[in-house]
Every structure is written in C-alpha cells, then in structure tokens.
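One file, work.txt, is given below (compact mmCIF, C-alpha atoms).
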```
# COMPACT_ATOMS: atom_id res chain seq x y z
CA CYS A 1 6.57 29.41 35.47
CA GLY A 2 6.24 27.52 32.21
CA GLY A 3 9.52 28.71 30.75
CA SER A 4 10.11 30.59 27.50
CA GLY A 5 8.73 29.58 24.13
CA ASP A 6 12.29 29.05 22.91
CA SER A 7 12.54 25.87 25.00
CA ARG A 8 9.89 24.09 22.96
CA THR A 9 10.73 21.60 20.22
CA THR A 10 8.72 21.51 17.00
CA LEU A 11 8.59 18.39 14.84
CA ARG A 12 7.13 18.06 11.38
CA PHE A 13 5.47 14.69 10.72
CA VAL A 14 4.03 13.85 7.28
CA TRP A 15 2.17 10.89 5.82
CA TRP A 16 -0.14 9.92 2.98
CA GLY A 17 -3.71 8.81 3.47
CA ASN A 18 -7.23 10.14 3.80
CA GLU A 19 -9.44 11.97 6.30
CA ASP A 20 -10.15 8.72 8.13
CA ARG A 21 -6.43 8.18 8.71
CA ALA A 22 -5.91 11.84 9.58
CA THR A 23 -8.51 11.64 12.35
CA VAL A 24 -6.85 8.78 14.25
CA THR A 25 -3.32 10.02 13.56
CA GLU A 26 -4.13 13.44 14.97
CA GLN A 27 -5.66 11.82 18.05
CA ALA A 28 -2.50 9.79 18.64
CA VAL A 29 -0.28 12.82 18.08
CA LYS A 30 -2.37 14.87 20.51
CA LEU A 31 -1.87 12.21 23.18
CA PHE A 32 1.87 12.29 22.51
CA GLU A 33 1.93 16.07 22.92
CA ASP A 34 -0.05 15.80 26.17
CA ARG A 35 2.54 13.40 27.54
CA ASN A 36 5.46 15.43 26.18
CA PRO A 37 4.50 19.06 26.86
CA GLY A 38 7.78 20.40 25.53
CA ILE A 39 7.20 18.98 22.02
CA ASP A 40 4.82 20.32 19.37
CA VAL A 41 4.09 18.15 16.32
CA ARG A 42 2.99 19.77 13.08
CA THR A 43 1.30 17.24 10.81
CA SER A 44 0.20 17.14 7.19
CA PHE A 45 -0.96 14.53 4.71
CA GLN A 46 -1.70 14.15 1.00
CA ASN A 47 -2.83 11.39 -1.31
CA PHE A 48 -0.15 8.90 -2.32
CA GLN A 49 1.01 10.52 -5.56
CA THR A 50 1.03 14.09 -4.26
CA TYR A 51 2.85 13.00 -1.12
CA TRP A 52 5.84 11.65 -3.04
CA GLU A 53 5.98 14.63 -5.36
CA LYS A 54 6.07 17.01 -2.39
CA LEU A 55 8.55 14.89 -0.42
CA ALA A 56 10.91 14.77 -3.40
CA THR A 57 10.76 18.56 -3.71
CA GLU A 58 11.35 19.18 -0.01
CA THR A 59 14.16 16.67 0.17
CA ALA A 60 15.91 18.13 -2.86
CA GLY A 61 15.49 21.60 -1.36
CA GLY A 62 17.13 20.58 1.92
CA ASN A 63 13.93 20.93 3.94
CA PRO A 64 12.73 17.39 4.67
CA PRO A 65 10.22 16.67 7.46
CA ASP A 66 11.59 15.34 10.75
CA VAL A 67 9.43 12.21 10.77
CA LEU A 68 8.02 10.78 7.57
CA GLN A 69 5.90 7.89 6.47
CA MET A 70 7.90 5.71 4.09
CA ASP A 71 6.79 3.21 1.47
CA TYR A 72 8.46 -0.13 0.78
CA ARG A 73 8.68 0.84 -2.88
CA TYR A 74 10.74 3.97 -2.18
CA LEU A 75 12.87 2.63 0.68
CA ASN A 76 15.96 1.81 -1.39
CA GLU A 77 15.74 5.09 -3.27
CA TYR A 78 15.65 7.34 -0.21
CA ALA A 79 18.06 5.22 1.83
CA GLY A 80 20.51 5.24 -1.06
CA ARG A 81 20.53 9.03 -1.08
CA GLY A 82 21.36 9.22 2.62
CA VAL A 83 18.03 10.89 3.41
CA LEU A 84 17.02 8.50 6.20
CA LEU A 85 18.53 8.23 9.67
CA ASP A 86 19.90 4.86 10.76
CA LEU A 87 17.59 4.07 13.67
CA GLY A 88 19.80 1.22 14.84
CA THR A 89 18.28 -0.13 18.05
CA GLN A 90 17.10 3.28 19.26
CA VAL A 91 13.43 2.28 18.81
CA PRO A 92 12.65 -0.93 20.77
CA THR A 93 11.37 -3.89 18.75
CA THR A 94 11.46 -6.53 21.51
CA ASP A 95 7.80 -7.41 21.03
CA TRP A 96 7.99 -7.57 17.25
CA ASN A 97 8.41 -10.36 14.74
CA PRO A 98 12.17 -10.03 14.00
CA GLY A 99 11.71 -10.75 10.31
CA PHE A 100 9.02 -8.12 9.98
CA ALA A 101 11.13 -5.49 11.75
CA ALA A 102 13.98 -6.33 9.36
CA SER A 103 11.87 -5.26 6.37
CA GLY A 104 13.00 -1.71 7.10
CA ARG A 105 16.70 -2.61 6.96
CA ILE A 106 18.74 -1.68 3.90
CA ARG A 107 22.37 -2.74 3.55
CA GLY A 108 22.70 -3.32 7.29
CA LYS A 109 21.05 -0.05 8.34
CA GLN A 110 17.64 0.18 10.02
CA VAL A 111 16.45 3.15 7.97
CA ALA A 112 12.77 2.57 8.70
CA LEU A 113 10.43 0.52 10.85
CA PRO A 114 7.11 -0.91 9.70
CA PHE A 115 4.17 1.15 10.90
CA ALA A 116 1.89 -1.84 10.52
CA GLN A 117 1.24 -5.01 8.53
CA ASN A 118 -1.22 -5.34 5.71
CA THR A 119 -1.82 -7.53 2.70
CA THR A 120 -3.61 -7.44 -0.62
CA THR A 121 -7.35 -7.96 -0.82
CA ILE A 122 -10.39 -7.71 -3.05
CA VAL A 123 -12.83 -5.18 -1.61
CA TYR A 124 -16.32 -6.04 -2.85
CA ASP A 125 -20.01 -5.24 -2.52
CA PRO A 126 -21.79 -8.42 -1.36
CA LYS A 127 -25.13 -7.12 -2.62
CA VAL A 128 -23.99 -7.33 -6.24
CA PHE A 129 -20.93 -9.60 -6.09
CA PRO A 130 -20.99 -13.23 -4.82
CA THR A 131 -18.88 -13.85 -1.72
CA PRO A 132 -15.45 -15.19 -2.80
CA GLN A 133 -13.69 -17.90 -0.80
CA LEU A 134 -9.99 -18.61 -0.36
CA GLY A 135 -8.99 -20.71 -3.36
CA TRP A 136 -11.21 -19.11 -5.99
CA THR A 137 -9.56 -18.71 -9.42
CA TRP A 138 -9.11 -15.84 -11.86
CA GLN A 139 -11.71 -17.49 -14.06
CA ASP A 140 -14.09 -17.53 -11.08
CA TYR A 141 -13.37 -13.84 -10.66
CA LYS A 142 -14.09 -13.06 -14.28
CA ASN A 143 -17.32 -15.10 -14.26
CA ALA A 144 -18.55 -13.36 -11.12
CA ALA A 145 -17.63 -9.94 -12.52
CA VAL A 146 -19.47 -10.62 -15.79
CA LYS A 147 -22.54 -11.74 -13.86
CA ALA A 148 -22.41 -8.61 -11.69
CA HIS A 149 -22.33 -6.48 -14.84
CA ASP A 150 -25.11 -8.35 -16.61
CA THR A 151 -27.34 -8.33 -13.54
CA ASN A 152 -26.69 -4.85 -12.16
CA GLY A 153 -25.40 -2.80 -15.06
CA ILE A 154 -22.06 -1.88 -13.43
CA ALA A 155 -18.61 -3.37 -13.96
CA GLY A 156 -17.99 -6.35 -11.73
CA ALA A 157 -14.33 -5.38 -11.25
CA THR A 158 -12.24 -2.24 -11.39
CA ASP A 159 -9.60 -2.53 -14.13
CA PHE A 160 -6.34 -3.80 -12.61
CA GLY A 161 -3.96 -3.85 -15.58
CA GLY A 162 -1.99 -0.77 -14.55
CA THR A 163 -1.38 -1.74 -10.94
CA GLU A 164 2.08 -3.07 -10.17
CA ASP A 165 0.90 -4.47 -6.83
CA VAL A 166 -1.62 -6.74 -8.58
CA PHE A 167 0.97 -7.79 -11.14
CA GLU A 168 3.39 -8.73 -8.35
CA ILE A 169 0.87 -11.02 -6.66
CA TRP A 170 -0.07 -12.55 -10.02
CA LEU A 171 3.64 -13.28 -10.61
CA ARG A 172 4.12 -14.80 -7.15
CA GLN A 173 1.22 -17.14 -7.89
CA ARG A 174 3.36 -18.42 -10.73
CA HIS A 175 6.48 -18.90 -8.58
CA LYS A 176 8.04 -15.76 -10.02
CA ALA A 177 8.92 -12.36 -8.56
CA LEU A 178 8.72 -8.71 -9.48
CA TYR A 179 12.45 -8.36 -8.76
CA THR A 180 15.30 -10.76 -8.15
CA GLU A 181 17.72 -10.36 -5.25
CA ASP A 182 20.11 -8.38 -7.44
CA GLY A 183 17.39 -5.85 -8.30
CA THR A 184 16.64 -6.98 -11.87
CA PHE A 185 13.23 -8.06 -13.16
CA GLY A 186 12.12 -11.52 -12.11
CA PHE A 187 9.65 -11.81 -15.00
CA THR A 188 9.74 -11.95 -18.78
CA GLU A 189 8.10 -9.99 -21.56
CA GLN A 190 5.69 -12.88 -22.02
CA ASP A 191 4.63 -12.67 -18.36
CA LEU A 192 3.72 -9.01 -18.73
CA ARG A 193 2.00 -9.70 -22.04
CA ASP A 194 -0.12 -12.42 -20.43
CA PHE A 195 -1.06 -10.17 -17.51
CA TRP A 196 -2.13 -7.30 -19.74
CA GLN A 197 -4.08 -9.74 -21.91
CA LEU A 198 -5.88 -10.98 -18.80
CA SER A 199 -7.00 -7.47 -17.90
CA ALA A 200 -7.97 -6.84 -21.53
CA ASP A 201 -10.15 -9.98 -21.48
CA PHE A 202 -11.91 -8.60 -18.40
CA ARG A 203 -12.61 -5.32 -20.22
CA THR A 204 -13.84 -6.83 -23.47
CA SER A 205 -16.26 -9.10 -21.60
CA LYS A 206 -17.62 -6.09 -19.67
CA ALA A 207 -16.29 -7.60 -16.44
CA ALA A 208 -13.99 -4.61 -15.82
CA THR A 209 -14.48 -0.87 -15.80
CA PRO A 210 -14.39 1.10 -19.09
CA PRO A 211 -11.42 3.28 -20.17
CA GLU A 212 -12.83 6.55 -18.85
CA LEU A 213 -12.54 5.25 -15.27
CA THR A 214 -8.92 4.11 -15.61
CA THR A 215 -7.47 7.38 -14.33
CA LYS A 216 -9.35 6.95 -11.04
CA LEU A 217 -7.45 3.82 -10.02
CA ASN A 218 -5.13 5.57 -7.54
CA ALA A 219 -7.61 8.11 -6.26
CA ALA A 220 -8.99 8.24 -2.74
CA ALA A 221 -11.81 5.78 -1.99
CA GLN A 222 -14.50 8.40 -2.54
CA GLU A 223 -13.33 8.75 -6.16
CA THR A 224 -12.52 5.16 -7.17
CA PRO A 225 -15.01 3.15 -9.24
CA LEU A 226 -15.97 1.01 -6.23
CA GLY A 227 -16.29 4.05 -3.99
CA THR A 228 -18.59 5.75 -6.51
CA ARG A 229 -20.65 2.58 -7.11
CA LYS A 230 -19.41 2.13 -10.68
CA SER A 231 -17.73 -1.17 -9.86
CA ALA A 232 -18.66 -4.14 -7.66
CA SER A 233 -15.10 -5.07 -6.62
CA GLU A 234 -11.66 -3.51 -6.48
CA HIS A 235 -8.07 -4.63 -5.83
CA SER A 236 -6.63 -2.92 -2.77
CA TYR A 237 -4.81 -3.35 0.54
CA ASP A 238 -6.80 -4.24 3.62
CA SER A 239 -5.36 -1.27 5.54
CA LEU A 240 -7.22 1.05 3.14
CA PHE A 241 -10.59 -0.46 4.00
CA GLY A 242 -11.42 2.28 6.50
CA GLY A 243 -11.46 4.78 3.65
CA TYR A 244 -13.88 2.63 1.67
CA ASP A 245 -16.11 2.15 4.70
CA ALA A 246 -16.16 5.89 5.32
CA VAL A 247 -17.81 6.52 1.94
CA ARG A 248 -19.90 3.31 1.82
CA LYS A 249 -20.69 2.67 5.46
CA GLY A 250 -21.21 -1.00 6.23
CA GLU A 251 -21.70 -1.93 2.57
CA LEU A 252 -18.40 -3.56 1.64
CA LYS A 253 -16.38 -6.62 2.64
CA LEU A 254 -12.92 -8.11 2.11
CA ALA A 255 -11.97 -11.21 0.13
CA PRO A 256 -8.66 -12.95 -0.74
CA TYR A 257 -7.07 -12.66 -4.15
CA PRO A 258 -8.02 -15.18 -6.81
CA SER A 259 -5.27 -17.57 -7.87
CA GLN A 260 -4.77 -20.18 -10.54
CA ASP A 261 -3.37 -22.46 -7.84
CA SER A 262 -5.53 -22.68 -4.72
CA THR A 263 -2.47 -23.63 -2.65
CA LEU A 264 -0.53 -20.49 -3.61
CA LEU A 265 -2.25 -17.20 -2.80
CA GLY A 266 0.75 -15.02 -3.67
CA SER A 267 -0.08 -12.36 -1.08
CA TYR A 268 2.43 -11.65 1.69
CA ARG A 269 2.83 -9.86 5.01
CA LYS A 270 3.73 -6.43 3.74
CA PRO A 271 4.71 -3.36 5.70
CA SER A 272 1.66 -1.27 4.89
CA GLN A 273 3.76 1.79 5.52
CA LEU A 274 7.01 2.34 7.32
CA VAL A 275 8.13 5.30 9.41
CA SER A 276 11.52 6.98 9.13
CA VAL A 277 13.40 9.88 10.66
CA SER A 278 15.19 12.39 8.47
CA ALA A 279 18.98 12.18 8.63
CA ARG A 280 18.94 15.99 8.65
CA THR A 281 16.59 16.46 11.59
CA LYS A 282 17.79 18.89 14.25
CA ASN A 283 15.51 17.22 16.78
CA LYS A 284 16.67 13.61 16.70
CA GLU A 285 15.78 12.78 20.31
CA ALA A 286 12.25 14.15 20.01
CA ALA A 287 11.75 12.48 16.62
CA LEU A 288 12.80 9.09 18.00
CA LYS A 289 10.50 9.61 20.97
CA LEU A 290 7.55 10.22 18.61
CA VAL A 291 8.35 7.14 16.51
CA THR A 292 8.69 4.98 19.62
CA PHE A 293 5.36 6.25 20.91
CA LEU A 294 3.48 5.64 17.65
CA LEU A 295 4.85 2.11 17.28
CA ASN A 296 5.04 0.83 20.85
CA ASP A 297 2.62 2.71 23.09
CA PRO A 298 -0.52 0.68 23.91
CA ASP A 299 -2.76 3.75 23.98
CA ALA A 300 -1.44 4.91 20.61
CA GLY A 301 -2.06 1.41 19.28
CA ARG A 302 -5.63 1.50 20.53
CA ILE A 303 -6.25 4.86 18.83
CA LEU A 304 -4.63 3.93 15.52
CA GLY A 305 -6.35 0.54 15.46
CA ALA A 306 -6.00 -1.12 12.07
CA ASN A 307 -6.10 2.09 10.04
CA ARG A 308 -2.64 1.44 8.63
CA GLY A 309 -2.94 -2.30 9.08
CA LEU A 310 -2.23 -4.67 11.95
CA PRO A 311 0.10 -3.11 14.58
CA ALA A 312 3.71 -4.23 14.19
CA ASN A 313 4.09 -4.65 17.95
CA LEU A 314 2.63 -8.12 18.59
CA LYS A 315 1.51 -7.38 22.16
CA ILE A 316 -0.32 -4.29 20.99
CA ARG A 317 -1.77 -6.23 18.05
CA ALA A 318 -3.18 -8.87 20.39
CA ALA A 319 -4.67 -6.22 22.68
CA VAL A 320 -6.16 -4.22 19.81
CA ALA A 321 -7.69 -7.36 18.31
CA THR A 322 -9.95 -7.75 21.35
CA THR A 323 -11.31 -4.21 21.16
CA VAL A 324 -11.63 -3.33 17.47
CA THR A 325 -15.05 -2.87 15.90
CA GLY A 326 -16.44 -1.86 12.53
CA PRO A 327 -14.00 -1.79 9.59
CA ASP A 328 -10.98 -2.46 11.82
CA LYS A 329 -12.54 -5.72 12.99
CA LEU A 330 -13.15 -6.76 9.39
CA ILE A 331 -9.45 -6.16 8.68
CA PHE A 332 -8.32 -8.21 11.68
CA ASP A 333 -10.74 -11.01 10.80
CA TYR A 334 -9.65 -11.00 7.17
CA GLU A 335 -5.95 -11.31 8.01
CA ALA A 336 -6.70 -14.08 10.49
CA ASN A 337 -8.55 -15.93 7.72
CA VAL A 338 -5.72 -15.71 5.18
CA ASP A 339 -2.73 -15.73 7.56
CA LYS A 340 -1.68 -19.32 6.83
CA ALA A 341 -1.65 -18.57 3.11
CA LEU A 342 0.50 -15.43 3.39
CA GLY A 343 4.19 -15.52 2.51
CA ASP A 344 7.10 -13.49 3.85
CA ALA A 345 7.75 -10.08 2.33
CA PRO A 346 10.40 -9.96 -0.40
CA GLN A 347 13.29 -7.54 -0.05
CA ALA A 348 12.47 -3.91 -0.71
CA PRO A 349 12.30 -3.03 -4.43
CA PRO A 350 15.37 -1.41 -5.98
CA LYS A 351 15.83 2.31 -6.50
CA GLY A 352 13.76 3.39 -9.49
CA ASP A 353 10.75 1.19 -8.78
CA GLY A 354 8.64 4.27 -8.07
CA ALA A 355 9.17 5.30 -11.69
CA VAL A 356 8.42 1.74 -12.86
CA TYR A 357 5.18 1.81 -10.87
CA LYS A 358 4.05 4.97 -12.71
CA LEU A 359 5.27 3.57 -16.03
CA MET A 360 3.04 0.53 -15.68
CA GLN A 361 0.04 2.80 -15.08
CA ARG A 362 0.90 4.90 -18.10
CA MET A 363 1.44 1.96 -20.44
CA ASN A 364 -1.82 0.38 -19.32
CA GLU A 365 -3.66 3.61 -20.11
CA GLU A 366 -2.09 3.58 -23.59
CA ILE A 367 -3.51 0.08 -24.08
CA VAL A 368 -6.91 0.83 -22.56
CA PHE A 369 -7.48 3.92 -24.71
CA GLY A 370 -6.37 2.11 -27.86
CA ARG A 371 -3.28 4.22 -28.43
CA THR A 372 -0.97 1.22 -28.56
CA SER A 373 -1.10 -2.56 -28.74
CA ILE A 374 -0.20 -4.87 -25.88
CA ASP A 375 2.88 -6.07 -27.76
CA ASP A 376 4.15 -2.53 -28.34
CA ALA A 377 3.37 -1.54 -24.76
CA VAL A 378 5.42 -4.47 -23.48
CA GLN A 379 8.40 -3.45 -25.61
CA ARG A 380 8.18 0.17 -24.48
CA PHE A 381 7.75 -0.85 -20.86
CA PHE A 382 10.93 -2.92 -20.78
CA THR A 383 12.94 -0.25 -22.59
CA GLU A 384 11.87 2.57 -20.27
CA ALA A 385 11.86 0.48 -17.10
CA LYS A 386 15.44 -0.62 -17.59
CA GLN A 387 16.44 3.04 -17.91
CA ALA A 388 14.57 3.89 -14.71
CA LEU A 389 16.36 1.10 -12.82
CA SER A 390 19.83 1.85 -14.16
```
Now that the file is in, can you turn its structure into structure tokens?
Amino acid sequence: CGGSGDSRTTLRFVWWGNEDRATVTEQAVKLFEDRNPGIDVRTSFQNFQTYWEKLATETAGGNPPDVLQMDYRYLNEYAGRGVLLDLGTQVPTTDWNPGFAASGRIRGKQVALPFAQNTTTIVYDPKVFPTPQLGWTWQDYKNAAVKAHDTNGIAGATDFGGTEDVFEIWLRQRHKALYTEDGTFGFTEQDLRDFWQLSADFRTSKAATPPELTTKLNAAAQETPLGTRKSASEHSYDSLFGGYDAVRKGELKLAPYPSQDSTLLGSYRKPSQLVSVSARTKNKEAALKLVTFLLNDPDAGRILGANRGLPANLKIRAAVATTVTGPDKLIFDYEANVDKALGDAPQAPPKGDGAVYKLMQRMNEEIVFGRTSIDDAVQRFFTEAKQALS
C-alpha cells in the first residue's frame, strides 16, 4: 500500500531564467522526486525583472516559496527582512572553496549558498567581430565595434551605459568599487560621468546600438540586440551563454572584458545565483534535502552542467568539466582561460541596490533618448540612489 496522499510533502521552488535553464532544472528536479518519492516539487520561473516583482509580492503577502533562487544584489535586502532561513551547516560544503561558500553569509548567518560560479564576459559573433584576446582595451573594443558597423551595417556592441554590472567591472579596473565595506558608494560623480560619456562615445560613433534598442538590454537572449542579430557583441555573464546559443546555435563565442590596464581585468568569481530556503517554510527538512541534492549530488551536477555557471562543489565541477559539450564546454573553457585574472567577489551589495540597479537603467535611458544631459543624470542618480540606500 502506498499510503494516503496526506503523507506527501509539496515544495515550491522558483528561479529566474529561460527555457534552456528550465529544461535542465526540471530534469534535475525529476531525478530528486524519483529518489524521494514522498516529496513533490512544484517549479516556476520568470525573467529576472518579473521574478523579483513576483517574489516581493509573495513575500509581502506571507506566501513565499519554500526554496528560491537568490541574487547577490538582493541578498542583504531579503536577509535583513528575516525572509531567509539560516542554513548554518545543514547543507554540506566540504568540497567547496570556503571563500566562495561564504559569499552567501550575511552578518554571521548562512542565508544562501552559491548555486554556481560565473563571471562577466563579452558574447560576440566571430563572423562580424574580430576575436578579442585577454588584455584588449576599451579603445580596441570601440575600434572593433565601429569596424563591425561599417562593414556589416549593424552595431558592433550593444549599449552598456545602463548596466550596473558593467559599471562595477569598469570601476574595479580603476582600483575602485561599486560599494565600500560600510555600504556607501565607492565611486564619485566624476566616475559615473566618465562611464556614461564612454557609452555615449560608442553610440555617437555608431559602435553601439541606437536608442530604440535600449529597452531590450535586460530581455531574454531571443530579444536582445545580439540575439536578434542587431548587434555583433554584448556584455553578459558566461552562465547565460546557453540562452544565446539556443537562439543562435553555434554562432557565438565568449571573450574577456576590455580593460585600460591589461594586468587588471576587473572581473571576479561571482555567485551566478544563490539558493535560499524561506524562513517561513513548513517543510524545512524536505527543502534542505532539495538544496543539498541540487548543490552536491553528482548526477544533478551532470544534468545542470554549466547552465547557471561552474558548479560550486569542486569535485562535481571537475567531473562535469570532463563531460560537458556545446555551450557548456565553451563556458568551462572560457573560465579556465581567464581564471588567473579573476578576483575574489566583494561583499554582497547593501539593501537598496536592487533599486539602484533599476535607477541606473532609467537614467541611462533618459540620456540615450535625449531627455537629459549626462551632467543632470549624474546629479539625479546620486540624489535618488542615496534615498534608495538609506
């Protein structure tokens, strides 16, 4: 006798991503259910922006998911509100890099664990964009993007002026930081002015995409300028490469960021996503079992591959590296190529950075569409950002 239906446990597990990520995640979850017949896992996913809007609504309404994908940018915010369970040592991390595991720790509590490691990259089309090498400069990037436009009639680069992630790497290349240890800005008004001027120079020289494509910067790969063949290169994270490859099969490659100093890449080993358990879950044991499986089971690691980045478990990472093919192999090869140039991850951004991230997008759009000057946008950014972080 199989017992009554009342004996079953149902977990809700949510994440952001695309169909490519959904496919492998569902396969891993199905294997978990097969091995744990008393547990059913209901899954759902959205794009990045919609995910956080929905999660905020559910959390405020007292109905958070049991297991949730967490972003470095929102870690302080959700941990500060007591939304995330302190995992302590309940999920084994013996085979992990201790420093990387600690990236999910806030004020002494292990409120999340990294799902995988990724880093920033330039995704490009080698048919229309010359192959960049580690150590190329921003001027090299601009020259190559102009040439791609002049030769092929499409922008050589997707506009990057509204992307906080790009700005952070650009700052790190200048020995600065997005945030200091006390959670205040680690850059000046002049730094932001220079960055926005750089992106404006790309646009005016036809190296970057025109204003009408600006709103597509955070869309899924099938909607971005590079995904729709309206750009020859795009700033991204290597863990997202599977989505690009799904819409442009075998056409694209990965390159390191340009830098003014060839000895300082600025990119770092970032938790591509983290995974947390709701502090309000009624199924703590089952939720921890699912998290442990996704992060530490070799078969789950094989299924997930490099979709979210390199596995956090180093033994699983080494095993997966010998079996990956296609876009996952390109990701592993890319990180191996840039590994020595990668830095350690900074501490998680302070509460309010999610709003700052959106603010930077909005201010850049104001500049791009000619509704405000760079100087005015800088002033407005600092005024509104300080309110968001207060």
Requested in this report: Can you work out the spacing between CA of Leu330 in chain A and CA of Leu254 in chain A in Å, to one decimal?
Outcome: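 Answer for the CA of Leu330 in chain A to CA of Leu254 in chain A separation: 7.4 Å.
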At a cut-off of 10 Å, can you tabulate as JSON lines every residue of range 189-307 of chain A near range 41-45 of chain A together with its closest atom pair and the distance in Å to one decimal, using all atoms listed in the file and ordering rows by chain then number?
```
{"residue": "A:Ala286", "atom": "CA", "partner": "A:Val41", "partner_atom": "CA", "distance": 9.8}
{"residue": "A:Ala287", "atom": "CA", "partner": "A:Val41", "partner_atom": "CA", "distance": 9.5}
{"residue": "A:Leu290", "atom": "CA", "partner": "A:Val41", "partner_atom": "CA", "distance": 8.9}
```
Query raised in the report: Excluding same-chain residues fewer than 3 positions from Lys386 in chain A, what lies within 10 Å of it counting all atoms listed in the file, as an MDAnalysis selection string?
Result: chainID A and resid 184:185 352 356 381:383 389:390
Requested in this report: Enter the distance from CA of Ile316 in chain A to CA of Ala300 in chain A, in Å, rounded to one decimal.
Outcome: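 Taking CA of Ile316 in chain A and CA of Ala300 in chain A, their separation equals 9.3 Å.
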Requested in this report: Quick one: everything within 9 Å of Gln69 in chain A, counting all atoms listed in the file, minus sequence neighbours fewer than 3 positions away in the same chain. Send it as an NGL selection string.
Outcome: :A and (13-16 or 112 or 115 or 273-277)
First collect every listed atom of range 131-145 of chain A; then fit an axis-aligned box around them, widen it by 6 Å on each side, and give centre and edge lengths in Å to one decimal, as lines of an AutoDock Vina configuration file.
```
center_x = -13.9
center_y = -15.3
center_z = -7.3
size_x = 21.9
size_y = 22.8
size_z = 25.9
```
Query raised in the report: Mind pulling up the distance from CA of Thr158 in chain A to CA of Ala207 in chain A?
Result: 8.4 Å
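With distances taken over all atoms listed in the file, A:Ala28 is the one residue among A:Ala22, A:Leu171, A:Leu55, A:Ala28 lying closest to Asp297 in chain A.
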Report task. Do a neighbour search on Lys54 in chain A at 10 Å with only C-alpha atoms, toss out local chain neighbours closer than 6 positions, and write the hits as number ranges by chain. Result -> A: 46, 60, 64
Query raised in the report: Any idea what's packed within 9 Å of range 189-206 of chain A, counting only C-alpha atoms, ignoring anything in its chain fewer than 3 positions away? Could you give it as a PyMOL selection string?
Result: chain A and resi 142+145-146+149-150+154-157+159-162+167+170-171+209-211+364+367-368+374-375+377-379+382
Report task. Select all residues near (-10.8, -22.0, 1.1) (cut-off 10 Å, inclusive, file coordinates), counting only C-alpha atoms, and output them as a list in words. Result -> Pro132, Gln133, Leu134, Gly135, Trp136, Pro256, Ser262, Thr263, Asn337, Val338 and Ala341 of chain A
Once you have the residues from the selection above, write them out as a PDB file, in the coordinates of the input, restricted to C-alpha atoms.
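Output below, filename result-v3.pdb:
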```pdb
ATOM      1  CA  PRO A 132     -15.450 -15.190  -2.800  1.00  0.00           C
ATOM      2  CA  GLN A 133     -13.690 -17.900  -0.800  1.00  0.00           C
ATOM      3  CA  LEU A 134      -9.990 -18.610  -0.360  1.00  0.00           C
ATOM      4  CA  GLY A 135      -8.990 -20.710  -3.360  1.00  0.00           C
ATOM      5  CA  TRP A 136     -11.210 -19.110  -5.990  1.00  0.00           C
ATOM      6  CA  PRO A 256      -8.660 -12.950  -0.740  1.00  0.00           C
ATOM      7  CA  SER A 262      -5.530 -22.680  -4.720  1.00  0.00           C
ATOM      8  CA  THR A 263      -2.470 -23.630  -2.650  1.00  0.00           C
ATOM      9  CA  ASN A 337      -8.550 -15.930   7.720  1.00  0.00           C
ATOM     10  CA  VAL A 338      -5.720 -15.710   5.180  1.00  0.00           C
ATOM     11  CA  ALA A 341      -1.650 -18.570   3.110  1.00  0.00           C
TER      12      ALA A 341
END
```
Requested in this report: Quick one: everything within 12 Å of Phe332 in chain A, counting all atoms listed in the file, minus sequence neighbours fewer than 5 positions away in the same chain. Send it as a PyMOL selection string.
Outcome: chain A and resi 117-119+238-239+241+254+305-311+317-327+337-339
Saved selection, atoms kept: C-alpha atoms, as an mmCIF file, in the coordinates of the input:
```
data_model
loop_
_atom_site.group_PDB
_atom_site.id
_atom_site.type_symbol
_atom_site.label_atom_id
_atom_site.label_comp_id
_atom_site.auth_asym_id
_atom_site.auth_seq_id
_atom_site.Cartn_x
_atom_site.Cartn_y
_atom_site.Cartn_z
ATOM 1 C CA GLN A 117 1.240 -5.010 8.530
ATOM 2 C CA ASN A 118 -1.220 -5.340 5.710
ATOM 3 C CA THR A 119 -1.820 -7.530 2.700
ATOM 4 C CA ASP A 238 -6.800 -4.240 3.620
ATOM 5 C CA SER A 239 -5.360 -1.270 5.540
ATOM 6 C CA PHE A 241 -10.590 -0.460 4.000
ATOM 7 C CA LEU A 254 -12.920 -8.110 2.110
ATOM 8 C CA GLY A 305 -6.350 0.540 15.460
ATOM 9 C CA ALA A 306 -6.000 -1.120 12.070
ATOM 10 C CA ASN A 307 -6.100 2.090 10.040
ATOM 11 C CA ARG A 308 -2.640 1.440 8.630
ATOM 12 C CA GLY A 309 -2.940 -2.300 9.080
ATOM 13 C CA LEU A 310 -2.230 -4.670 11.950
ATOM 14 C CA PRO A 311 0.100 -3.110 14.580
ATOM 15 C CA ARG A 317 -1.770 -6.230 18.050
ATOM 16 C CA ALA A 318 -3.180 -8.870 20.390
ATOM 17 C CA ALA A 319 -4.670 -6.220 22.680
ATOM 18 C CA VAL A 320 -6.160 -4.220 19.810
ATOM 19 C CA ALA A 321 -7.690 -7.360 18.310
ATOM 20 C CA THR A 322 -9.950 -7.750 21.350
ATOM 21 C CA THR A 323 -11.310 -4.210 21.160
ATOM 22 C CA VAL A 324 -11.630 -3.330 17.470
ATOM 23 C CA THR A 325 -15.050 -2.870 15.900
ATOM 24 C CA GLY A 326 -16.440 -1.860 12.530
ATOM 25 C CA PRO A 327 -14.000 -1.790 9.590
ATOM 26 C CA ASN A 337 -8.550 -15.930 7.720
ATOM 27 C CA VAL A 338 -5.720 -15.710 5.180
ATOM 28 C CA ASP A 339 -2.730 -15.730 7.560
#
```
Report summary line: From the list A:Lys329, A:Lys270, A:Arg172, A:Lys340, the nearest residue to Tyr72 in chain A using only C-alpha atoms is A:Lys270
**Report entry** Among listed residues A:Ser7, A:Lys147, A:Glu19, A:Gly266, nearest Gln222 in chain A (using all atoms listed in the file)
**Finding:**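 So, comparing all the options, the nearest one is A:Glu19.
Take the candidates A:Glu168, A:Tyr179, A:Thr163, A:Arg107 and check each one against Ser236 in chain A using all atoms listed in the file; the shortest distance goes to A:Thr163.
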Report summary line: If you count only C-alpha atoms, the residue of A:Phe293, A:Tyr51, A:Phe129, A:Phe100 closest to Ala312 in chain A turns out to be A:Phe100
